[in-house]
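One structure is given below, encoded as structure tokens.
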Amino acid sequence: MRYVDLDNIKPGMRLARPIYNKAGVLLYERGSAIKDLSVIQNIKGFGLIGLFILEPTEPVPPMTEEDIEFERFQTMMTFQIQEELNYIIEKKKDQKLDTIAEAIIRAYGRRRRKVNFIQGLRSKDDYYYKHALNVAILSALIAHAMNVPAHDQMEAVKASLVHDIGKIRMPAELYAKPELSKEDKDAITQYELQGHMLIGEAFMTEPNLKRIATQTQRILKTGDFGADLKKIKVFPATRIMTVAERFDLQTAMQPGREPYSEISVLQEMRRAPEVYDSKAINGLINSITLLMPGASVVLSNGMKALVLQTGEDILRPMVLTFDTNRIIDLAHQPADDPIYVVDTVKTLDNRVVMDSSTLKQFGFTAKAQDAEVVQDTAYVPSENDLTEETEVKQ
């Protein structure tokens with residue numbers, strides 16, 4: 001699966017993500033082929049930034065009922081958030097923000113199992129509403145994993161929903177620029193500041209919402225907590241939202257660039273402990289599925305491998321190397337020179353069949369929520385097979 005800008009979409013390409021209308025009605029199923037130019041024009045009418053496209057020989061990735069419900073939840077909640085944020089802009093007060101936040105917490109802020117966090121399609125019209133929703137969902141998940149008090153979780157979710165409200169009125173041409181000049185960045189900052197002022201005005205009885213939004217923006221822009229922030233209280237919700245905000249920004253589609261992989265973004269945050277709270281990062285790792293058996297990965301020594309089994313450290317799973325056909329448990333590497341996962345393989349070239357039967361044959365257990373049987377016949381990959389395009393369950 002790869003991201004393709006809408007201007008580069010061509011007939012024959014197949015959708016990796018479904019397309020819904022504003023009412024949540026399915027218009028194009030994943031796996032659907034774009035038959036002709038009329039379909040492309042129809043899709044362009046939705047204002048989408050781009051599409052996730054399957055590789056020519058790539059099978060349609062399996063989706064559970066839970067995955068489908070996650071996408072449906074995103075679609076339906078986006079329009080509620082859109083109505084609410086526009087109401088706040090017009091009336092300088094909220095109408096049902098608590099109700100929206102409570103719905104998100106009920107759905108994803110009390111879960112015991114990891115979520116397959118699926119980045120959906122975004123348009124120029126709904127980008128900031130979907131971003132607000134995703135940051136709110138991630139904040140709810142992280143807060144629950146960190147076992148923070150319910151009050152802090154609610155603050156994190158509500159601040160996530162309104163933090164980018166100033167950008168809603170930002171000109172489309174500024175939003176769509178793939179590269180920003182200093183003047184552009186200054187203009188965006190002004191819209192953000194206006195948004196924070198609006199949050200303060202609309203939520204005078206909840207001043208922490210403005211403070212959390214302001215702190216998060218300052219941390220992400222300055223690259224660290226800054227001397228001034230070290231002198232004041234940094235809210236738990238700020239530490240949570242900083243991780244959620246960065247993760248969604250980097251892994252979601254944006255004008256002018258492809259999304260980064262979840263693993264590469266996680267690595268980036270781990271390398272900057274002065275910016276991203278380690279407990280919040282661990283909360284993210286413990287809340288969403290980042291690697292599953294069958295995923296192709298790049299290791300820190302440059303080798304590519306297939307994940308067989310994940311462990312306590314998500315970046316050090318049990319893997320099968322492609323070049324040597326060896327099984328290596330990265331959790332038991334030398335402490336002075338460890339090997340770990342640095343990224344996932346973006347294309348599915350060199351994939352091999354890996355199913356639950358194969359894993360069990362070699363003594364590995366694939367949990368039901370991590371992997372499903374792709375086919376009944378167990379298959380042991382040989383060195384010659386590593387160049388063939390066969391199916392991987394991802």
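In the structure tokens, chains take letters A, B, ... by order of appearance, with residues numbered from 1 within each chain and ligands from 1 in the order shown.
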Please identify all polymer residues within 8 Å of Ala252 of chain A, counting only C-alpha atoms, omitting same-chain residues fewer than 3 positions from it, and present them as number ranges by chain.
A: 119-120, 248-249, 259-260
Go ahead and save the picked residues with C-alpha atoms, as a JSON list (two decimals), in the first residue's frame.
```
[["chain", "number", "residue", "atom", "x", "y", "z"],
["A", 119, "GLN", "CA", -5.43, 6.58, 9.06],
["A", 120, "GLY", "CA", -8.41, 7.40, 6.86],
["A", 248, "ASP", "CA", -1.09, 11.89, 13.86],
["A", 249, "LEU", "CA", 0.62, 14.76, 12.02],
["A", 259, "PRO", "CA", 2.95, 9.87, 5.39],
["A", 260, "TYR", "CA", 5.76, 8.52, 7.56]]
```
Shell of 12 Å around segment 334-340 of chain A, only C-alpha atoms, local chain residues under 5 positions omitted, as a PDB file with C-alpha atoms, in the first residue's frame:
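Saved to around_26.pdb:
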```pdb
ATOM      1  CA  ILE A 263       7.616   2.938  13.556  1.00  0.00           C
ATOM      2  CA  SER A 264       9.774   5.757  12.145  1.00  0.00           C
ATOM      3  CA  GLN A 267      11.726   6.210  16.781  1.00  0.00           C
ATOM      4  CA  VAL A 297      10.729  -4.403   8.571  1.00  0.00           C
ATOM      5  CA  VAL A 298      14.123  -2.727   8.209  1.00  0.00           C
ATOM      6  CA  LEU A 299      16.638  -3.383  10.993  1.00  0.00           C
ATOM      7  CA  SER A 300      19.245  -1.022  12.426  1.00  0.00           C
ATOM      8  CA  ASN A 301      22.031  -3.002  10.693  1.00  0.00           C
ATOM      9  CA  GLY A 302      20.398  -2.410   7.291  1.00  0.00           C
ATOM     10  CA  MET A 303      18.952  -5.900   6.925  1.00  0.00           C
ATOM     11  CA  LYS A 304      15.314  -6.546   6.025  1.00  0.00           C
ATOM     12  CA  ALA A 305      13.293  -9.129   7.878  1.00  0.00           C
ATOM     13  CA  VAL A 307       8.297 -10.240  11.982  1.00  0.00           C
ATOM     14  CA  THR A 310       6.359  -9.420  18.993  1.00  0.00           C
ATOM     15  CA  ASP A 313       9.797  -4.263  23.426  1.00  0.00           C
ATOM     16  CA  ILE A 314       7.906  -3.602  20.186  1.00  0.00           C
ATOM     17  CA  LEU A 315      11.139  -2.624  18.414  1.00  0.00           C
ATOM     18  CA  ARG A 316      12.860  -5.940  19.220  1.00  0.00           C
ATOM     19  CA  PRO A 317      10.607  -8.721  17.946  1.00  0.00           C
ATOM     20  CA  MET A 318      11.457 -12.221  16.776  1.00  0.00           C
ATOM     21  CA  VAL A 319      12.271 -11.944  13.056  1.00  0.00           C
ATOM     22  CA  ILE A 328      16.725 -13.946  15.314  1.00  0.00           C
ATOM     23  CA  ASP A 329      15.210 -12.910  18.623  1.00  0.00           C
TER      24      ASP A 329
END
```
Quick one, how far is atom CA of Thr205 of chain A from atom CA of Ala159 of chain A?
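Those two atoms sit 13.7 Å apart.
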When distances are computed from only C-alpha atoms, which of A:Leu266, A:Ala145, A:Val115, A:Val157 shows the smallest separation from Glu69 of chain A?
A:Val115
Just the helix (DSSP H, G or I) stuff from segment 129-321 of chain A, please, per backbone DSSP, written as a ChimeraX atom specification.
/A:129-146,150-162,165-169,172-175,182-202,208-222,226-230,236-251,262-270,278-285
Writer output for current selection, C-alpha atoms, as an mmCIF file, in the first residue's frame:
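Generated output (again-v9.cif):
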```
data_model
loop_
_atom_site.group_PDB
_atom_site.id
_atom_site.type_symbol
_atom_site.label_atom_id
_atom_site.label_comp_id
_atom_site.auth_asym_id
_atom_site.auth_seq_id
_atom_site.Cartn_x
_atom_site.Cartn_y
_atom_site.Cartn_z
ATOM 1 C CA TYR A 129 -11.754 18.049 11.871
ATOM 2 C CA LYS A 130 -10.321 14.569 11.226
ATOM 3 C CA HIS A 131 -7.021 15.625 12.740
ATOM 4 C CA ALA A 132 -8.830 16.842 15.871
ATOM 5 C CA LEU A 133 -10.709 13.545 16.115
ATOM 6 C CA ASN A 134 -7.620 11.387 15.678
ATOM 7 C CA VAL A 135 -5.606 13.357 18.239
ATOM 8 C CA ALA A 136 -8.547 13.062 20.645
ATOM 9 C CA ILE A 137 -8.787 9.281 20.113
ATOM 10 C CA LEU A 138 -5.032 8.857 20.607
ATOM 11 C CA SER A 139 -5.112 11.072 23.712
ATOM 12 C CA ALA A 140 -7.940 8.974 25.167
ATOM 13 C CA LEU A 141 -6.003 5.770 24.493
ATOM 14 C CA ILE A 142 -2.714 7.080 25.887
ATOM 15 C CA ALA A 143 -4.342 8.564 28.984
ATOM 16 C CA HIS A 144 -6.042 5.245 29.744
ATOM 17 C CA ALA A 145 -2.798 3.309 29.252
ATOM 18 C CA MET A 146 -1.026 5.749 31.600
ATOM 19 C CA ALA A 150 -10.479 10.693 34.604
ATOM 20 C CA HIS A 151 -10.337 14.489 34.879
ATOM 21 C CA ASP A 152 -6.950 14.607 33.135
ATOM 22 C CA GLN A 153 -8.155 12.232 30.435
ATOM 23 C CA MET A 154 -11.192 14.426 29.752
ATOM 24 C CA GLU A 155 -9.010 17.545 29.600
ATOM 25 C CA ALA A 156 -6.654 15.870 27.134
ATOM 26 C CA VAL A 157 -9.525 14.788 24.876
ATOM 27 C CA LYS A 158 -11.322 18.153 24.951
ATOM 28 C CA ALA A 159 -8.105 20.097 24.354
ATOM 29 C CA SER A 160 -7.318 17.772 21.444
ATOM 30 C CA LEU A 161 -10.701 18.489 19.868
ATOM 31 C CA VAL A 162 -10.305 22.293 19.943
ATOM 32 C CA ILE A 165 -9.649 25.616 15.829
ATOM 33 C CA GLY A 166 -7.773 28.683 14.616
ATOM 34 C CA LYS A 167 -6.618 26.892 11.463
ATOM 35 C CA ILE A 168 -10.166 26.186 10.296
ATOM 36 C CA ARG A 169 -10.399 29.728 8.894
ATOM 37 C CA ALA A 172 -6.862 26.993 1.463
ATOM 38 C CA GLU A 173 -3.839 28.115 -0.567
ATOM 39 C CA LEU A 174 -1.753 28.432 2.615
ATOM 40 C CA TYR A 175 -2.854 25.027 3.857
ATOM 41 C CA LYS A 182 9.057 32.071 6.970
ATOM 42 C CA GLU A 183 6.162 34.410 6.179
ATOM 43 C CA ASP A 184 3.854 31.415 5.707
ATOM 44 C CA LYS A 185 4.915 29.925 9.020
ATOM 45 C CA ASP A 186 4.399 33.245 10.776
ATOM 46 C CA ALA A 187 0.915 33.500 9.257
ATOM 47 C CA ILE A 188 0.027 29.995 10.464
ATOM 48 C CA THR A 189 1.277 30.882 13.939
ATOM 49 C CA GLN A 190 -1.071 33.876 13.976
ATOM 50 C CA TYR A 191 -4.035 31.660 13.119
ATOM 51 C CA GLU A 192 -3.002 29.299 15.919
ATOM 52 C CA LEU A 193 -2.757 32.183 18.404
ATOM 53 C CA GLN A 194 -6.171 33.487 17.350
ATOM 54 C CA GLY A 195 -7.527 30.003 17.913
ATOM 55 C CA HIS A 196 -6.046 29.851 21.398
ATOM 56 C CA MET A 197 -7.607 33.223 22.219
ATOM 57 C CA LEU A 198 -10.959 31.855 21.047
ATOM 58 C CA ILE A 199 -10.530 28.760 23.252
ATOM 59 C CA GLY A 200 -9.881 31.042 26.221
ATOM 60 C CA GLU A 201 -12.983 33.094 25.462
ATOM 61 C CA ALA A 202 -15.284 30.135 24.786
ATOM 62 C CA ASN A 208 -6.775 24.628 31.351
ATOM 63 C CA LEU A 209 -7.971 23.899 27.799
ATOM 64 C CA LYS A 210 -6.280 27.035 26.471
ATOM 65 C CA ARG A 211 -3.168 26.396 28.579
ATOM 66 C CA ILE A 212 -2.853 22.810 27.315
ATOM 67 C CA ALA A 213 -3.262 23.876 23.679
ATOM 68 C CA THR A 214 -0.725 26.682 24.118
ATOM 69 C CA GLN A 215 1.806 24.482 25.897
ATOM 70 C CA THR A 216 1.534 21.749 23.260
ATOM 71 C CA GLN A 217 2.063 24.218 20.427
ATOM 72 C CA ARG A 218 5.086 25.793 22.147
ATOM 73 C CA ILE A 219 6.712 22.430 22.880
ATOM 74 C CA LEU A 220 6.349 21.196 19.298
ATOM 75 C CA LYS A 221 7.551 24.475 17.781
ATOM 76 C CA THR A 222 10.565 25.072 20.056
ATOM 77 C CA GLY A 226 11.770 25.527 26.974
ATOM 78 C CA ALA A 227 13.085 27.467 29.946
ATOM 79 C CA ASP A 228 9.759 29.217 30.503
ATOM 80 C CA LEU A 229 7.795 25.968 30.592
ATOM 81 C CA LYS A 230 10.208 24.500 33.115
ATOM 82 C CA PRO A 236 -0.439 15.755 32.208
ATOM 83 C CA ALA A 237 -2.790 16.417 29.292
ATOM 84 C CA THR A 238 -0.035 18.449 27.584
ATOM 85 C CA ARG A 239 2.423 15.565 27.757
ATOM 86 C CA ILE A 240 -0.236 13.205 26.400
ATOM 87 C CA MET A 241 -1.410 15.523 23.643
ATOM 88 C CA THR A 242 2.118 16.346 22.463
ATOM 89 C CA VAL A 243 2.711 12.677 21.618
ATOM 90 C CA ALA A 244 -0.757 12.230 20.096
ATOM 91 C CA GLU A 245 -0.439 15.395 17.999
ATOM 92 C CA ARG A 246 2.972 14.504 16.585
ATOM 93 C CA PHE A 247 2.004 10.922 15.823
ATOM 94 C CA ASP A 248 -1.094 11.894 13.865
ATOM 95 C CA LEU A 249 0.618 14.762 12.020
ATOM 96 C CA GLN A 250 3.427 12.536 10.787
ATOM 97 C CA THR A 251 1.462 9.395 9.915
ATOM 98 C CA GLU A 262 4.323 4.559 12.538
ATOM 99 C CA ILE A 263 7.616 2.938 13.556
ATOM 100 C CA SER A 264 9.774 5.757 12.145
ATOM 101 C CA VAL A 265 7.684 8.356 13.995
ATOM 102 C CA LEU A 266 7.944 6.348 17.198
ATOM 103 C CA GLN A 267 11.726 6.210 16.781
ATOM 104 C CA GLU A 268 11.849 9.954 16.207
ATOM 105 C CA MET A 269 9.959 10.644 19.422
ATOM 106 C CA ARG A 270 12.081 8.227 21.433
ATOM 107 C CA SER A 278 8.508 8.617 27.767
ATOM 108 C CA LYS A 279 5.437 7.502 29.734
ATOM 109 C CA ALA A 280 3.160 8.970 27.070
ATOM 110 C CA ILE A 281 5.177 7.223 24.339
ATOM 111 C CA ASN A 282 4.852 3.915 26.178
ATOM 112 C CA GLY A 283 1.150 4.628 26.561
ATOM 113 C CA LEU A 284 0.914 4.968 22.783
ATOM 114 C CA ILE A 285 2.879 1.740 22.221
#
```
Residue nearest Gln254 of chain A among A:Leu48, A:Val345, A:Leu15, A:Val39 (counting only C-alpha atoms)
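Using only C-alpha atoms, Gln254 of chain A sits closest to A:Leu48.
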So that I can see what lies close to Ile118 of chain A, please list as a VMD selection string the residues with an atom at most 9 Å from it, counting only C-alpha atoms and leaving out residues fewer than 4 positions away in the same chain.
chain A and resid 67 70 to 71
For the selection just defined, write its residues with N, CA and C atoms to a file, as a compact mmCIF listing (two decimals), in the first residue's frame.
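So the final result, stored in again.txt, reads:
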```
# COMPACT_ATOMS: atom_id res chain seq x y z
N ASP A 67 -12.06 -3.12 12.93
CA ASP A 67 -11.41 -2.15 12.04
C ASP A 67 -12.45 -1.36 11.25
N PHE A 70 -14.10 1.11 13.41
CA PHE A 70 -13.22 2.24 13.69
C PHE A 70 -13.33 3.28 12.58
N GLU A 71 -13.30 2.83 11.32
CA GLU A 71 -13.43 3.76 10.20
C GLU A 71 -14.81 4.40 10.18
```
Could you tell me which of A:Glu84, A:Asp36, A:Asp125, A:Glu179 comes closest to Asp98 of chain A if we count only C-alpha atoms?
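Looking only at the distances to Asp98 of chain A, the closest residue turns out to be A:Glu84.
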Find the residues around segment 51-59 of chain A up to 7 Å (only C-alpha atoms counted), leave out those fewer than 5 positions away in its own chain, and share them as a ChimeraX atom specification.
/A:1-6,13-17,121
I'd like the interatomic distance between atom CA of Ser32 of chain A and atom CA of Met253 of chain A, to a tenth of an Å.
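For atom CA of Ser32 of chain A relative to atom CA of Met253 of chain A, the distance reads 20.2 Å.
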Closest of A:Leu290, A:Ile9, A:Asp164, A:Tyr276 to Ile89 of chain A, counting only C-alpha atoms, is A:Asp164
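Our summary of the geometry notes that atom CA of Tyr28 of chain A is positioned 19.1 Å from atom CA of Glu66 of chain A.
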I need the residues in segment 152-330 of chain A that are strand (DSSP E) according to DSSP; give them as a PyMOL selection string.
chain A and resi 296-299+304-309+318-321+327-329
